[in-house]
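Below is the file target.txt, which contains compact mmCIF, C-alpha atoms and all ligand atoms.
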```
# COMPACT_ATOMS: atom_id res chain seq x y z
CA MET A 1 20.31 -5.62 -4.44
CA HIS A 2 20.46 -3.19 -1.51
CA GLN A 3 23.78 -1.70 -2.61
CA GLU A 4 22.34 -1.03 -6.07
CA ARG A 5 19.30 0.64 -4.56
CA ILE A 6 21.44 2.89 -2.37
CA GLU A 7 23.62 3.70 -5.34
CA SER A 8 20.57 4.71 -7.37
CA LEU A 9 19.34 6.88 -4.50
CA ILE A 10 22.72 8.60 -4.17
CA LYS A 11 22.77 9.16 -7.93
CA ALA A 12 19.30 10.70 -7.86
CA VAL A 13 20.22 12.95 -4.92
CA ARG A 14 23.48 14.06 -6.51
CA THR A 15 21.72 14.89 -9.76
CA GLU A 16 18.96 16.82 -8.03
CA TYR A 17 20.72 18.43 -5.05
CA GLY A 18 24.47 18.01 -5.53
CA ASP A 19 26.92 15.87 -3.64
CA LYS A 20 26.99 17.98 -0.49
CA SER A 21 24.01 16.03 0.71
CA LEU A 22 23.38 13.80 3.67
CA ILE A 23 20.52 11.33 3.85
CA PHE A 24 19.02 10.31 7.20
CA ILE A 25 16.62 7.40 7.54
CA SER A 26 15.72 5.87 10.86
CA ASN A 27 13.54 3.31 12.51
CA ASN A 28 11.35 4.66 15.23
CA PRO A 29 11.95 2.53 18.28
CA ASN A 30 9.07 3.93 20.30
CA ILE A 31 6.34 1.91 18.75
CA HIS A 32 6.69 -1.36 20.60
CA ARG A 33 3.22 -2.43 19.76
CA ASN A 34 3.12 -3.72 16.20
CA PHE A 35 6.53 -2.35 15.43
CA ARG A 36 7.12 -2.21 11.72
CA SER A 37 10.33 -1.14 10.08
CA ASN A 38 10.38 2.11 8.14
CA SER A 39 9.50 1.09 4.58
CA SER A 40 12.26 3.10 2.92
CA LEU A 41 14.92 1.92 5.34
CA PHE A 42 13.82 -1.65 4.75
CA TYR A 43 13.79 -1.12 0.98
CA LEU A 44 17.30 0.29 0.93
CA THR A 45 18.94 -2.01 3.44
CA GLY A 46 16.77 -4.80 4.81
CA ILE A 47 17.19 -3.33 8.30
CA THR A 48 14.32 -4.10 10.68
CA ARG A 49 15.99 -3.30 14.01
CA LYS A 50 14.05 -0.94 16.25
CA GLU A 51 17.00 1.30 17.02
CA ALA A 52 18.63 2.11 13.73
CA LEU A 53 19.62 5.24 11.88
CA LEU A 54 21.19 5.09 8.44
CA ILE A 55 23.19 8.07 7.25
CA ILE A 56 24.25 8.18 3.62
CA ASP A 57 26.97 10.59 2.56
CA CYS A 58 26.38 11.55 -1.05
CA ARG A 59 29.91 12.79 -1.60
CA SER A 60 30.68 9.23 -2.60
CA ALA A 61 28.82 8.04 -5.62
CA THR A 62 28.68 4.46 -4.41
CA PRO A 63 28.24 2.81 -1.02
CA ARG A 64 31.76 1.41 -1.38
CA GLU A 65 33.63 4.41 -0.07
CA LYS A 66 32.58 4.47 3.56
CA ALA A 67 29.53 6.44 2.57
CA LEU A 68 27.15 4.54 4.82
CA SER A 69 26.96 4.75 8.57
CA ILE A 70 24.52 2.85 10.71
CA TYR A 71 23.95 4.09 14.23
CA THR A 72 22.27 1.98 16.84
CA LYS A 73 22.11 1.38 20.58
CA LYS A 74 23.45 -1.67 22.33
CA THR A 75 20.68 -3.93 23.56
CA THR A 76 20.56 -3.70 27.35
CA LYS A 77 20.12 -6.66 29.70
CA GLN A 78 16.69 -5.30 30.60
CA GLN A 79 15.68 -5.20 26.95
CA LEU A 80 16.99 -8.69 26.43
CA LEU A 81 14.92 -9.91 29.36
CA TRP A 82 11.69 -8.19 28.31
CA GLU A 83 11.89 -8.07 24.55
CA GLY A 84 14.51 -10.62 23.60
CA GLY A 85 17.12 -9.86 21.02
CA ASP A 86 16.64 -7.64 18.00
CA GLN A 87 18.10 -7.87 14.51
CA ASP A 88 21.89 -8.10 14.59
CA LEU A 89 23.30 -5.32 12.43
CA THR A 90 26.88 -6.58 12.16
CA LYS A 91 26.07 -8.42 8.94
CA PHE A 92 25.38 -5.09 7.25
CA LYS A 93 28.99 -4.07 7.71
CA LYS A 94 29.77 -6.58 5.01
CA SER A 95 26.64 -6.63 2.88
CA LEU A 96 26.35 -2.84 2.67
CA LEU A 97 29.98 -1.94 3.34
CA ALA A 98 28.66 0.24 6.13
CA GLU A 99 30.26 1.53 9.28
CA LEU A 100 28.39 0.41 12.38
CA TYR A 101 28.39 2.52 15.54
CA TYR A 102 26.86 1.81 18.92
CA VAL A 103 25.97 5.09 20.60
CA ASP A 104 23.65 6.38 23.32
CA ARG A 105 23.11 9.86 21.99
CA LEU A 106 23.51 11.19 18.50
CA GLU A 107 23.15 14.98 18.70
CA GLU A 108 26.85 15.73 18.88
CA ILE A 109 27.71 13.35 16.10
CA ILE A 110 25.13 14.87 13.79
CA TYR A 111 26.26 18.43 14.54
CA LYS A 112 29.82 17.44 13.78
CA LEU A 113 28.72 15.85 10.53
CA LEU A 114 26.82 18.80 9.12
CA PRO A 115 29.57 21.28 8.16
CA GLY A 116 30.50 20.89 4.53
CA TYR A 117 27.01 19.84 3.45
CA GLU A 118 24.15 21.87 2.04
CA THR A 119 21.25 19.50 1.77
CA VAL A 120 19.70 17.03 4.17
CA ILE A 121 17.32 14.41 2.86
CA TYR A 122 15.36 12.81 5.63
CA GLU A 123 12.38 10.81 6.79
CA ALA A 124 10.51 12.63 9.49
CA THR A 125 10.27 9.84 12.03
CA PRO A 126 11.25 10.84 15.58
CA TYR A 127 14.31 8.96 16.64
CA SER A 128 15.09 8.29 20.28
CA LEU A 129 18.81 8.79 19.94
CA VAL A 130 18.20 12.44 19.03
CA ASN A 131 14.93 12.88 20.95
CA LYS A 132 13.23 14.78 18.13
CA THR A 133 13.02 14.43 14.43
CA ILE A 134 16.29 15.01 12.66
CA ALA A 135 14.60 17.63 10.50
CA GLN A 136 13.53 19.58 13.60
CA MET A 137 16.98 19.35 15.08
CA ILE A 138 18.69 20.54 11.95
CA SER A 139 16.27 23.36 11.19
CA GLU A 140 16.71 24.70 14.74
CA THR A 141 20.48 24.70 14.67
CA SER A 142 21.35 25.07 11.00
CA PRO A 143 18.50 26.91 9.32
CA HIS A 144 20.50 27.37 6.10
CA PHE A 145 20.17 23.67 5.29
CA ALA A 146 17.88 22.60 2.52
CA LEU A 147 15.63 19.94 4.06
CA ILE A 148 14.17 17.57 1.53
CA PRO A 149 11.72 14.75 2.30
CA LEU A 150 13.17 11.43 1.21
CA ALA A 151 10.02 10.45 -0.69
CA ARG A 152 10.74 13.17 -3.22
CA VAL A 153 13.82 11.27 -4.40
CA LEU A 154 13.06 7.70 -3.43
CA SER A 155 9.52 7.39 -4.79
CA THR A 156 10.63 7.14 -8.41
CA LEU A 157 12.91 4.25 -7.43
CA ARG A 158 10.52 2.42 -5.13
CA ILE A 159 7.65 2.66 -7.58
CA ILE A 160 9.42 0.22 -9.92
CA LYS A 161 9.53 -3.33 -8.62
CA ASN A 162 12.15 -5.90 -9.47
CA ARG A 163 11.49 -9.60 -9.89
CA PHE A 164 12.11 -10.32 -6.20
CA GLU A 165 9.57 -7.73 -5.13
CA ILE A 166 6.98 -8.92 -7.63
CA ASN A 167 7.40 -12.45 -6.29
CA GLN A 168 6.93 -11.18 -2.73
CA ILE A 169 3.66 -9.53 -3.74
CA LYS A 170 2.61 -12.72 -5.55
CA GLU A 171 3.26 -14.76 -2.42
CA ALA A 172 1.15 -12.37 -0.37
CA ILE A 173 -1.59 -12.77 -2.99
CA ASN A 174 -1.36 -16.56 -2.71
CA LEU A 175 -2.19 -16.27 0.98
CA CYS A 176 -5.21 -14.09 0.25
CA HIS A 177 -6.27 -16.60 -2.37
CA ALA A 178 -6.16 -19.34 0.29
CA ALA A 179 -8.03 -17.14 2.75
CA PHE A 180 -10.69 -16.34 0.17
CA PHE A 181 -11.47 -19.98 -0.65
CA ALA A 182 -11.27 -21.14 2.97
CA THR A 183 -13.75 -18.53 4.17
CA LEU A 184 -16.14 -18.39 1.23
CA PRO A 185 -18.41 -21.10 2.72
CA LEU A 186 -18.85 -18.94 5.84
CA ILE A 187 -20.59 -16.18 3.91
CA LYS A 188 -24.24 -16.75 4.69
CA ALA A 189 -27.03 -15.23 6.72
CA GLY A 190 -26.40 -15.46 10.46
CA LEU A 191 -22.64 -14.93 10.45
CA ARG A 192 -21.35 -11.62 11.75
CA GLU A 193 -18.87 -9.30 10.10
CA TYR A 194 -16.17 -9.73 12.74
CA GLN A 195 -16.41 -13.51 12.49
CA LEU A 196 -15.56 -13.46 8.80
CA ARG A 197 -12.79 -10.98 9.44
CA GLY A 198 -11.39 -13.26 12.15
CA ALA A 199 -11.52 -16.26 9.84
CA ILE A 200 -9.69 -14.41 7.05
CA GLU A 201 -7.02 -13.11 9.40
CA TYR A 202 -6.61 -16.53 11.01
CA ILE A 203 -5.61 -18.02 7.66
CA LEU A 204 -3.11 -15.22 7.10
CA ALA A 205 -1.67 -15.65 10.59
CA THR A 206 -1.10 -19.37 10.15
CA ALA A 207 1.07 -18.52 7.13
CA HIS A 208 3.10 -16.06 9.20
CA ALA A 209 1.57 -13.08 7.48
CA VAL A 210 -0.37 -10.19 8.98
CA PRO A 211 -3.25 -8.17 7.56
CA GLY A 212 -1.69 -5.33 5.58
CA PHE A 213 -4.44 -3.01 6.87
CA ASN A 214 -7.61 -3.31 8.90
CA THR A 215 -9.53 -6.01 7.06
CA ILE A 216 -12.83 -4.63 5.84
CA VAL A 217 -15.88 -6.87 6.07
CA ALA A 218 -18.94 -4.78 5.32
CA SER A 219 -22.38 -6.21 4.78
CA GLY A 220 -25.55 -4.63 3.42
CA LYS A 221 -25.64 -0.89 3.89
CA ASN A 222 -22.34 -0.94 5.83
CA ALA A 223 -20.55 -1.47 2.53
CA ALA A 224 -21.52 2.05 1.48
CA THR A 225 -18.87 3.21 3.97
CA LEU A 226 -15.66 2.96 1.97
CA HIS A 227 -13.43 1.94 4.88
CA HIS A 228 -16.07 0.42 7.11
CA HIS A 229 -14.61 -0.75 10.40
CA THR A 230 -15.80 -4.29 10.63
CA SER A 231 -18.66 -4.32 13.10
CA GLN A 232 -21.03 -6.78 14.75
CA ARG A 233 -23.62 -6.61 12.01
CA GLU A 234 -25.14 -9.96 11.16
CA PHE A 235 -25.36 -10.97 7.49
CA LYS A 236 -28.96 -11.03 6.28
CA LYS A 237 -30.40 -13.14 3.49
CA ASP A 238 -30.15 -11.81 -0.07
CA GLU A 239 -27.64 -9.08 0.46
CA LEU A 240 -24.02 -8.40 -0.42
CA VAL A 241 -20.87 -8.57 1.66
CA LEU A 242 -17.89 -6.51 0.62
CA ILE A 243 -14.50 -7.81 1.72
CA ASP A 244 -11.39 -5.70 1.24
CA PHE A 245 -8.37 -7.51 2.59
CA GLY A 246 -4.64 -7.78 2.18
CA ALA A 247 -1.75 -9.85 3.44
CA GLU A 248 1.58 -8.41 4.40
CA LEU A 249 4.33 -10.97 4.01
CA ASN A 250 7.97 -10.02 4.60
CA LEU A 251 6.77 -6.43 4.51
CA TYR A 252 5.27 -6.71 1.02
CA ASN A 253 1.56 -6.18 0.51
CA CYS A 254 -1.37 -7.08 -1.63
CA ASP A 255 -4.83 -5.51 -1.59
CA ILE A 256 -7.93 -7.28 -2.88
CA SER A 257 -11.68 -6.61 -2.76
CA ARG A 258 -14.56 -8.86 -3.65
CA THR A 259 -18.28 -8.43 -3.19
CA LEU A 260 -20.18 -11.64 -2.50
CA PRO A 261 -23.80 -12.67 -1.99
CA THR A 262 -25.04 -14.03 1.34
CA SER A 263 -27.53 -16.45 -0.21
CA GLY A 264 -25.30 -18.11 -2.78
CA ARG A 265 -26.78 -16.09 -5.62
CA TYR A 266 -26.48 -12.38 -6.26
CA PRO A 267 -29.82 -10.67 -5.53
CA LYS A 268 -31.48 -10.24 -8.92
CA ALA A 269 -31.94 -6.48 -8.60
CA LEU A 270 -28.25 -6.03 -7.80
CA VAL A 271 -26.81 -8.13 -10.62
CA PRO A 272 -26.74 -5.23 -13.14
CA LEU A 273 -25.12 -3.02 -10.52
CA TYR A 274 -22.45 -5.67 -9.89
CA GLN A 275 -21.91 -6.24 -13.60
CA GLY A 276 -21.51 -2.50 -14.12
CA VAL A 277 -18.67 -2.37 -11.61
CA LEU A 278 -17.09 -5.49 -13.09
CA GLU A 279 -17.26 -4.11 -16.59
CA ALA A 280 -15.78 -0.80 -15.42
CA GLN A 281 -12.93 -2.71 -13.80
CA LYS A 282 -12.27 -4.74 -16.94
CA GLU A 283 -12.31 -1.63 -19.13
CA ALA A 284 -9.70 0.00 -16.92
CA ILE A 285 -7.54 -3.14 -16.69
CA LYS A 286 -7.58 -3.57 -20.46
CA LYS A 287 -5.91 -0.18 -20.84
CA VAL A 288 -3.05 -0.87 -18.42
CA ARG A 289 0.42 -0.62 -19.97
CA SER A 290 3.50 1.52 -19.48
CA GLY A 291 2.88 5.07 -20.64
CA VAL A 292 -0.75 5.19 -19.51
CA SER A 293 -1.69 7.26 -16.44
CA MET A 294 -3.92 6.31 -13.50
CA LYS A 295 -6.11 9.22 -14.55
CA GLU A 296 -6.65 7.63 -17.96
CA LEU A 297 -7.50 4.31 -16.28
CA HIS A 298 -10.00 6.15 -14.11
CA GLN A 299 -11.55 7.71 -17.21
CA ALA A 300 -11.75 4.30 -18.87
CA SER A 301 -13.81 2.94 -15.98
CA LEU A 302 -16.41 5.70 -16.12
CA PRO A 303 -18.62 4.82 -19.14
CA PRO A 304 -19.81 1.44 -17.76
CA LEU A 305 -20.35 2.94 -14.30
CA ILE A 306 -22.30 5.87 -15.68
CA ALA A 307 -24.37 3.63 -17.99
CA THR A 308 -25.27 1.52 -14.95
CA LEU A 309 -26.25 4.54 -12.88
CA LYS A 310 -28.37 5.86 -15.75
CA ARG A 311 -30.03 2.49 -16.24
CA PHE A 312 -31.27 2.66 -12.64
CA LYS A 313 -32.20 6.33 -13.15
CA LEU A 314 -29.80 7.28 -10.37
CA LEU A 315 -28.25 9.85 -12.72
CA ASN A 316 -29.67 11.87 -15.59
CA GLY A 317 -27.99 13.56 -18.51
CA SER A 318 -25.48 12.49 -21.10
CA GLU A 319 -22.31 10.61 -20.26
CA LYS A 320 -20.32 13.66 -21.29
CA GLU A 321 -22.28 15.96 -18.95
CA ILE A 322 -22.02 13.51 -16.07
CA ILE A 323 -18.25 13.25 -16.48
CA LYS A 324 -17.97 17.02 -16.74
CA ASN A 325 -20.10 17.88 -13.72
CA LYS A 326 -18.69 14.88 -11.82
CA SER A 327 -22.15 13.92 -10.51
CA TYR A 328 -21.06 10.26 -10.70
CA LYS A 329 -18.88 10.96 -7.66
CA LYS A 330 -21.92 10.62 -5.44
CA TYR A 331 -21.81 6.90 -6.22
CA PHE A 332 -18.10 6.42 -7.08
CA PRO A 333 -16.30 8.88 -4.82
CA HIS A 334 -12.76 7.47 -4.86
CA ASN A 335 -9.94 7.05 -7.34
CA ILE A 336 -9.55 4.00 -9.53
CA GLY A 337 -6.55 2.69 -7.59
CA HIS A 338 -3.12 3.23 -6.14
CA PRO A 339 0.39 1.79 -6.32
CA LEU A 340 1.19 -1.19 -4.15
CA GLY A 341 4.41 -2.46 -2.60
CA ILE A 342 6.13 -2.27 0.78
CA ASP A 343 3.28 0.05 1.68
CA VAL A 344 -0.32 -0.77 0.80
CA HIS A 345 -0.67 2.72 -0.59
CA ASP A 346 2.86 2.71 -1.88
CA ILE A 347 5.08 5.74 -2.00
CA THR A 348 4.12 8.19 -4.76
CA PHE A 349 5.33 11.48 -6.10
CA PRO A 350 3.05 14.54 -6.19
CA ASN A 351 1.73 14.19 -9.77
CA PHE A 352 1.73 10.40 -9.84
CA TYR A 353 -1.94 10.21 -10.75
CA GLU A 354 -1.41 12.16 -13.98
CA SER A 355 2.02 10.70 -14.76
CA LYS A 356 2.78 7.88 -17.15
CA LEU A 357 2.99 4.49 -15.45
CA SER A 358 6.26 2.61 -15.88
CA ALA A 359 6.79 -1.09 -16.43
CA GLY A 360 7.41 -2.71 -13.05
CA THR A 361 4.87 -0.67 -11.12
CA VAL A 362 2.18 -2.65 -9.32
CA ILE A 363 -1.19 -0.95 -9.00
CA THR A 364 -4.67 -1.76 -7.81
CA ILE A 365 -7.71 -1.25 -10.02
CA GLU A 366 -10.76 -0.94 -7.78
CA PRO A 367 -13.86 0.78 -9.08
CA GLY A 368 -16.96 0.70 -6.92
CA LEU A 369 -20.54 1.84 -6.66
CA TYR A 370 -22.05 2.83 -3.33
CA LEU A 371 -25.60 3.65 -2.37
CA GLN A 372 -25.75 5.47 0.96
CA LYS A 373 -29.51 4.89 1.22
CA ASN A 374 -32.27 2.95 -0.49
CA GLU A 375 -32.83 4.51 -3.89
CA ARG A 376 -35.05 3.60 -6.85
CA ALA A 377 -35.93 0.17 -5.47
CA LEU A 378 -32.27 -0.58 -4.77
CA PRO A 379 -31.12 -1.22 -1.21
CA ALA A 380 -28.32 0.79 0.38
CA CYS A 381 -25.20 -1.20 -0.42
CA GLY A 382 -21.65 -1.09 -1.68
CA ILE A 383 -19.87 -2.97 -4.44
CA ARG A 384 -16.12 -2.86 -5.00
CA ILE A 385 -13.97 -5.19 -7.07
CA GLU A 386 -10.23 -4.80 -6.66
CA ASP A 387 -7.35 -6.59 -8.35
CA ASP A 388 -3.60 -6.15 -8.25
CA ILE A 389 -1.93 -5.52 -11.57
CA LEU A 390 1.67 -5.43 -12.72
CA VAL A 391 2.29 -2.83 -15.41
CA THR A 392 4.42 -4.20 -18.23
CA LYS A 393 5.93 -2.59 -21.31
CA ASN A 394 3.15 -3.67 -23.62
CA GLY A 395 0.34 -4.43 -21.25
CA PHE A 396 -0.17 -5.93 -17.83
CA GLN A 397 -0.15 -9.04 -15.71
CA LEU A 398 -3.23 -9.61 -13.57
CA LEU A 399 -1.61 -10.88 -10.37
CA THR A 400 -4.88 -11.72 -8.63
CA HIS A 401 -6.40 -13.64 -11.54
CA LYS A 402 -7.02 -16.78 -9.47
CA ILE A 403 -9.50 -15.05 -7.19
CA PRO A 404 -12.86 -15.28 -8.96
CA LYS A 405 -15.09 -12.29 -9.60
CA GLU A 406 -17.53 -13.38 -12.34
CA VAL A 407 -21.13 -13.77 -11.16
CA GLU A 408 -21.46 -17.32 -12.56
CA GLU A 409 -18.10 -18.42 -11.12
CA ILE A 410 -18.92 -17.18 -7.65
CA GLU A 411 -22.47 -18.56 -7.66
CA GLU A 412 -21.13 -21.94 -8.73
CA LEU A 413 -18.57 -21.89 -5.92
CA MET A 414 -21.20 -20.96 -3.36
CA ALA A 415 -23.85 -23.38 -4.56
MN MN B 1 -6.84 -0.67 -2.37
```
If you took the structure in this file and wrote it as structure tokens, what would it be?
Amino acid sequence: MHQERIESLIKAVRTEYGDKSLIFISNNPNIHRNFRSNSSLFYLTGITRKEALLIIDCRSATPREKALSIYTKKTTKQQLLWEGGDQDLTKFKKSLLAELYYVDRLEEIIYKLLPGYETVIYEATPYSLVNKTIAQMISETSPHFALIPLARVLSTLRIIKNRFEINQIKEAINLCHAAFFATLPLIKAGLREYQLRGAIEYILATAHAVPGFNTIVASGKNAATLHHHTSQREFKKDELVLIDFGAELNLYNCDISRTLPTSGRYPKALVPLYQGVLEAQKEAIKKVRSGVSMKELHQASLPPLIATLKRFKLLNGSEKEIIKNKSYKKYFPHNIGHPLGIDVHDITFPNFYESKLSAGTVITIEPGLYLQKNERALPACGIRIEDDILVTKNGFQLLTHKIPKEVEEIEELMA
């Protein structure tokens, strides 16, 4: 799998920039706290070692001709004592047909490598073996080099998931499913936001997963803050709690939001608001298939949202006018969703939002409505419903279908 990915990357680079290209991707060893492997390095190789630099020579079309070199540092006795061992890279000599070098400094080696090449494709992480970013180093010494960010070439490959990756995402979703059902009974007046967050993250931790991002638990008016940092606020009766959570398992992520009532039933006044968001989400999901753009999915979600806002007299004018003058953005200020994968907001290319989606891409669909203050007899609140969806040739697969979102379903579960 990794060899094929590297081969595809080399092919893309050779097509775009010619074969006199070198690719540098490294793991930043300086982040000891919550170290996480560089997503692209992990995608291409499976490497998770803190000290690791992969150099790909694009003069060879395949990784089989000594095109790959991995540079790393020997683990010292001190490191062994304090940190324990790190990933052993010797296995990659075989699996990737890579050369493996143990070095203490890399500058000289890189300078020696450069002649004969014209393009350097890189990830901008600082790397201890060269003290600065490789891009900095090269632009200072060899300003004639074309420096190209790796994402420009790799995003079109990473955006399409294979079966293994889809299964990884599904497994992460299974953990969130478990966390959702285990913590649902906790959602009632008196509990505090951080307690629910702790309970959700506890379930993930016991399955050897980590939260893919700071779990959002936002109650009442706090939910009007899109990325509310879970606070001490206590849940009150008859209000809503927005949870936006994700599990990262083996470096693959999911991302789910649900909005739940604190008193077992959705407050009557807020039901139409909730239903509006749900309908908007369903309208967008219905349209998912290869060839459709995120922008079109966004557009598809707007009529139900706008109808809801008009119903509460939060917006005036025709649907057409409201879309044109974008006044709906006061209540729905973000995009409909984003791609998902090794990163929660997975790698994208510049015009991704307008581009046609391809089969194999996993996206989120997450419309929301947010009231920053009490308005028209409605309390300040936030509603977001987010599912993870696999784009297929003729439609979609709703990966998060087991996590309920219908009003009746949730009220029955909480009764
Ligand atoms: Mn999301």
| request: For A:Asp346, work out the shell of residues within 9 Å, counting only C-alpha atoms and skipping chain neighbours fewer than 6 positions away, then give it as a ChimeraX atom specification. | output: /A:155,158-159,338-340,363
Can I get the selected residues back with C-alpha atoms, as a compact mmCIF listing (two decimals), in the coordinates of the input?
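Full text of part-v3.txt as output:
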```txt
# COMPACT_ATOMS: atom_id res chain seq x y z
CA SER A 155 9.52 7.39 -4.79
CA ARG A 158 10.52 2.42 -5.13
CA ILE A 159 7.65 2.66 -7.58
CA HIS A 338 -3.12 3.23 -6.14
CA PRO A 339 0.39 1.79 -6.32
CA LEU A 340 1.19 -1.19 -4.15
CA ILE A 363 -1.19 -0.95 -9.00
```
| said: Calculated over only C-alpha atoms, which of the candidates A:Ala209, A:Leu369, A:Leu80, A:Ala52 has the smallest distance to A:Val103? | reply: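 So, comparing all the options, the nearest one is A:Ala52.
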| request: Calculate how many Å separate atom CA of A:Ser301 from atom CA of A:Val277, rounding to one decimal. | output: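 Atom CA of A:Val277 lies at a distance of 8.4 Å from atom CA of A:Ser301.
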| Nearby residues, (22.9, 16.6, 22.1) file frame, 10 Å, all atoms listed in the file, as a PyMOL selection string | chain A and resi 105-111+129-131+137
With C-alpha atoms retained, write the just-selected residues as a short mmCIF file (atom, residue, chain, number, x, y, z; two decimals), keeping the file's coordinate frame.
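Output saved as out_38.cif:
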```cif
data_model
loop_
_atom_site.label_atom_id
_atom_site.label_comp_id
_atom_site.auth_asym_id
_atom_site.auth_seq_id
_atom_site.Cartn_x
_atom_site.Cartn_y
_atom_site.Cartn_z
CA ARG A 105 23.11 9.86 21.99
CA LEU A 106 23.51 11.19 18.50
CA GLU A 107 23.15 14.98 18.70
CA GLU A 108 26.85 15.73 18.88
CA ILE A 109 27.71 13.35 16.10
CA ILE A 110 25.13 14.87 13.79
CA TYR A 111 26.26 18.43 14.54
CA LEU A 129 18.81 8.79 19.94
CA VAL A 130 18.20 12.44 19.03
CA ASN A 131 14.93 12.88 20.95
CA MET A 137 16.98 19.35 15.08
#
```
Can you list every residue of chain A that has an atom at most 9 Å from ligand MN 1 (chain B), with its nearest atom pair and the distance in Å to one decimal, using all atoms listed in the file, ordered by chain then number, as JSON lines?
```
{"residue": "A:Asp244", "atom": "CA", "partner": "B:MN1", "partner_atom": "MN", "distance": 7.7}
{"residue": "A:Phe245", "atom": "CA", "partner": "B:MN1", "partner_atom": "MN", "distance": 8.6}
{"residue": "A:Gly246", "atom": "CA", "partner": "B:MN1", "partner_atom": "MN", "distance": 8.7}
{"residue": "A:Cys254", "atom": "CA", "partner": "B:MN1", "partner_atom": "MN", "distance": 8.5}
{"residue": "A:Asp255", "atom": "CA", "partner": "B:MN1", "partner_atom": "MN", "distance": 5.3}
{"residue": "A:Ile256", "atom": "CA", "partner": "B:MN1", "partner_atom": "MN", "distance": 6.7}
{"residue": "A:Ser257", "atom": "CA", "partner": "B:MN1", "partner_atom": "MN", "distance": 7.7}
{"residue": "A:Ile336", "atom": "CA", "partner": "B:MN1", "partner_atom": "MN", "distance": 9.0}
{"residue": "A:Gly337", "atom": "CA", "partner": "B:MN1", "partner_atom": "MN", "distance": 6.2}
{"residue": "A:His338", "atom": "CA", "partner": "B:MN1", "partner_atom": "MN", "distance": 6.6}
{"residue": "A:Pro339", "atom": "CA", "partner": "B:MN1", "partner_atom": "MN", "distance": 8.6}
{"residue": "A:Leu340", "atom": "CA", "partner": "B:MN1", "partner_atom": "MN", "distance": 8.2}
{"residue": "A:Val344", "atom": "CA", "partner": "B:MN1", "partner_atom": "MN", "distance": 7.3}
{"residue": "A:His345", "atom": "CA", "partner": "B:MN1", "partner_atom": "MN", "distance": 7.3}
{"residue": "A:Ile363", "atom": "CA", "partner": "B:MN1", "partner_atom": "MN", "distance": 8.7}
{"residue": "A:Thr364", "atom": "CA", "partner": "B:MN1", "partner_atom": "MN", "distance": 6.0}
{"residue": "A:Ile365", "atom": "CA", "partner": "B:MN1", "partner_atom": "MN", "distance": 7.7}
{"residue": "A:Glu366", "atom": "CA", "partner": "B:MN1", "partner_atom": "MN", "distance": 6.7}
{"residue": "A:Glu386", "atom": "CA", "partner": "B:MN1", "partner_atom": "MN", "distance": 6.9}
{"residue": "A:Asp387", "atom": "CA", "partner": "B:MN1", "partner_atom": "MN", "distance": 8.4}
{"residue": "A:Asp388", "atom": "CA", "partner": "B:MN1", "partner_atom": "MN", "distance": 8.7}
```
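Note that atom CA of A:Ile200 and atom CA of A:Lys268 are 27.3 Å apart.
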| Distance atom CA of A:Ile306-atom CA of A:Pro272, one decimal place? | 12.2 Å
